[in-house]
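Working notes, beginning with the structure itself.
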Amino acid sequence: MYNELYQIWKREKENKNEIQRLPKEFYGKLASYIKKMKEEYRMLDKKTLKARLMDKEFKNVKAISNELFFLRFKKLQEGVFSQNSISMGNLTQEEKTLFGDVLSLLNGYHAFHKDILNGKSSSVKKFEKQDSVVLRFIEDIPGLIGVDMKTYGPFGPEDIAILPLENARILINQGLAIEVHTN
């Protein structure tokens with residue numbers, strides 16, 4: 001995973017203007033890799049060569065990951081605020097979820113601005129943010145910590161639960177749950 005992470009970071013850094021496509025489930029794999037490294041390191045005698053090498057690798061992984069996040073965020077930010085097109089196909093599901101609301105807000109603002117400059121009276125409706133979603137789970141899901149820092153789960157197939165919107169979107173996008181409409 002280290003070599004893959006390094007190559008992804010290098011490609012992202014070399015291509016200054018466009019966000020690069022990441023492998024499927026990249027962030028999940030990266031999180032698992034870091035978790036595995038932490039667990040393995042915890043079991044080692046800190047005085048051994050293996051422990052020192054692992055500590056160095058962990059620090060490198062964190063530094064590369066932090067810069068990769070920063071580069072991608074900066075490219076997204078520049079694309080959104082300059083009204084340049086962002087290649088949505090190169091975003092991960094997590095990034096699409098996180099930036100979907102931002103893009104919607106900015107597109108609405110730009111349309112409002114354009115209407116005013118064209119002499120049109122534009123009515124802007126208040127954007128009501130949905131805070132939680134009712135989900136029906138399709139697969140077993142271990143307990144998780146929500147964005148509100150509350151513990152949810154574990155869940156089995158056909159379980160129904162209300163989760164914060166951000167967590168629900170991720171589970172839906174991964175095909176682990178479906179939204180239940182309560183109208």
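Ligands are numbered from 1 in the order shown, chains are lettered A, B, ... in the order of the structure tokens, and residues start at 1 in each chain.
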Quiz prompt | DSSP-assigned helix (DSSP H, G or I) members of segment 5-158 of chain A, reported as an MDAnalysis selection string | solution = chainID A and resid 5:14 26:42 49:82 88:90 93:117
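Proximity of A:Glu12, A:Glu95, A:Asp148, A:Glu179 to Gln77 of chain A, computed with only C-alpha atoms, is greatest for A:Glu95.
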Practice problem: Might you pull out every residue within 8 Å of Ala51 of chain A, with only C-alpha atoms counted and same-chain residues fewer than 6 positions away left off, and present them as a list in words? | Solution: Tyr41, Leu44 and Asp45 of chain A
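Shortest separation to Leu165 of chain A among A:Tyr27, A:Leu98, A:Lys46, A:Phe112 occurs at residue A:Leu98, atoms counted being only C-alpha atoms.
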Self-check item: Top pick for closest residue to Lys59 of chain A, considering A:Lys120, A:Met37, A:Gln7, A:Pro157 and counting only C-alpha atoms
Solution: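 Of the candidates, the smallest distance to Lys59 of chain A is held by A:Met37.
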Quiz item: With only C-alpha atoms as the basis for distance, which of A:Asn3, A:Asn17, A:Asn167, A:Gln174 is at the shortest distance from Glu78 of chain A?
Solution: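 The closest residue to Glu78 of chain A is A:Asn17.
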Quiz item: So which one's closest to Lys96 of chain A, A:Lys74, A:Arg52, A:Arg169, A:Lys47? Using only C-alpha atoms, please.
Solution: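 Nearest to Lys96 of chain A: A:Arg169.
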If we count only C-alpha atoms and set the cut-off at 12 Å, which residues sit around Trp9 of chain A, ignoring sequence neighbours fewer than 5 positions away in its own chain? Please answer as a tab-separated table (two decimals) with N, CA, C and O atoms, in the first residue's frame.
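This is the output file selection39.tsv:
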```
chain	number	residue	atom	x	y	z
A	2	TYR	N	2.02	1.19	0.65
A	2	TYR	CA	2.88	2.37	0.72
A	2	TYR	C	3.28	2.85	-0.68
A	2	TYR	O	3.19	4.04	-0.98
A	3	ASN	N	3.72	1.92	-1.52
A	3	ASN	CA	4.12	2.30	-2.88
A	3	ASN	C	2.96	2.87	-3.67
A	3	ASN	O	3.12	3.84	-4.42
A	4	GLU	N	1.78	2.28	-3.51
A	4	GLU	CA	0.59	2.78	-4.20
A	4	GLU	C	0.27	4.20	-3.74
A	4	GLU	O	0.00	5.09	-4.55
A	14	GLU	N	2.14	16.19	-9.47
A	14	GLU	CA	2.62	16.56	-10.80
A	14	GLU	C	1.55	17.22	-11.66
A	14	GLU	O	1.85	18.07	-12.49
A	15	ASN	N	0.30	16.83	-11.50
A	15	ASN	CA	-0.81	17.40	-12.26
A	15	ASN	C	-1.43	18.52	-11.44
A	15	ASN	O	-2.33	18.28	-10.64
A	16	LYS	N	-0.94	19.71	-11.66
A	16	LYS	CA	-1.28	20.86	-10.82
A	16	LYS	C	-2.75	21.27	-10.88
A	16	LYS	O	-3.30	21.76	-9.91
A	19	ILE	N	-7.79	17.23	-10.62
A	19	ILE	CA	-7.82	16.16	-9.64
A	19	ILE	C	-7.66	14.84	-10.36
A	19	ILE	O	-8.28	14.62	-11.39
A	20	GLN	N	-6.83	13.99	-9.82
A	20	GLN	CA	-6.57	12.69	-10.43
A	20	GLN	C	-7.53	11.64	-9.89
A	20	GLN	O	-7.98	11.72	-8.75
A	21	ARG	N	-7.82	10.65	-10.71
A	21	ARG	CA	-8.69	9.56	-10.30
A	21	ARG	C	-7.96	8.68	-9.28
A	21	ARG	O	-6.78	8.38	-9.46
A	22	LEU	N	-8.66	8.30	-8.24
A	22	LEU	CA	-8.11	7.40	-7.23
A	22	LEU	C	-8.68	6.00	-7.45
A	22	LEU	O	-9.79	5.86	-7.96
A	60	ASN	N	5.86	8.71	7.48
A	60	ASN	CA	5.84	9.01	6.05
A	60	ASN	C	4.43	8.87	5.46
A	60	ASN	O	4.00	9.71	4.67
A	61	VAL	N	3.73	7.82	5.85
A	61	VAL	CA	2.36	7.61	5.36
A	61	VAL	C	1.47	8.77	5.79
A	61	VAL	O	0.68	9.29	4.99
A	62	LYS	N	1.60	9.20	7.03
A	62	LYS	CA	0.80	10.34	7.51
A	62	LYS	C	1.13	11.61	6.73
A	62	LYS	O	0.24	12.35	6.33
A	63	ALA	N	2.42	11.86	6.51
A	63	ALA	CA	2.83	13.07	5.80
A	63	ALA	C	2.34	13.05	4.35
A	63	ALA	O	1.79	14.05	3.86
A	64	ILE	N	2.50	11.93	3.68
A	64	ILE	CA	2.05	11.82	2.29
A	64	ILE	C	0.54	11.94	2.22
A	64	ILE	O	0.00	12.63	1.34
A	65	SER	N	-0.16	11.27	3.12
A	65	SER	CA	-1.63	11.32	3.14
A	65	SER	C	-2.12	12.74	3.39
A	65	SER	O	-3.04	13.21	2.72
A	66	ASN	N	-1.49	13.43	4.35
A	66	ASN	CA	-1.89	14.81	4.63
A	66	ASN	C	-1.70	15.70	3.41
A	66	ASN	O	-2.58	16.50	3.08
A	67	GLU	N	-0.58	15.55	2.73
A	67	GLU	CA	-0.35	16.38	1.55
A	67	GLU	C	-1.30	16.01	0.42
A	67	GLU	O	-1.79	16.88	-0.30
A	68	LEU	N	-1.60	14.72	0.27
A	68	LEU	CA	-2.55	14.29	-0.75
A	68	LEU	C	-3.92	14.91	-0.49
A	68	LEU	O	-4.56	15.45	-1.40
A	69	PHE	N	-4.38	14.86	0.76
A	69	PHE	CA	-5.67	15.48	1.12
A	69	PHE	C	-5.64	16.98	0.80
A	69	PHE	O	-6.57	17.52	0.23
A	70	PHE	N	-4.55	17.63	1.20
A	70	PHE	CA	-4.43	19.07	0.98
A	70	PHE	C	-4.46	19.40	-0.51
A	70	PHE	O	-5.14	20.33	-0.93
A	71	LEU	N	-3.69	18.66	-1.32
A	71	LEU	CA	-3.65	18.91	-2.76
A	71	LEU	C	-5.04	18.76	-3.39
A	71	LEU	O	-5.47	19.59	-4.20
A	72	ARG	N	-5.73	17.69	-3.03
A	72	ARG	CA	-7.06	17.44	-3.61
A	72	ARG	C	-8.05	18.50	-3.15
A	72	ARG	O	-8.84	19.01	-3.93
```
Exercise. Using atom CA of Gly146 of chain A and atom CA of Ile170 of chain A as the two end points, give the distance in Å to one decimal.
Key: 11.1 Å
Quiz item: Do you know which residues are at most 9 Å from Met1 of chain A counting only C-alpha atoms, after dropping those on the same chain fewer than 5 positions away, and could you put them as a PyMOL selection string?
Solution: chain A and resi 6+29-30+33
Would you write out those residues with C-alpha atoms, as a compact mmCIF listing (two decimals), in the first residue's frame?
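Listing of part-v7.txt after writing:
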```txt
# COMPACT_ATOMS: atom_id res chain seq x y z
CA TYR A 6 3.37 7.28 -2.94
CA LYS A 29 -7.98 0.89 2.05
CA LEU A 30 -5.79 3.70 3.35
CA TYR A 33 -3.58 0.18 6.18
```
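Here atom CA of Ala31 of chain A is placed at a distance of 19.6 Å from atom CA of Asp140 of chain A.
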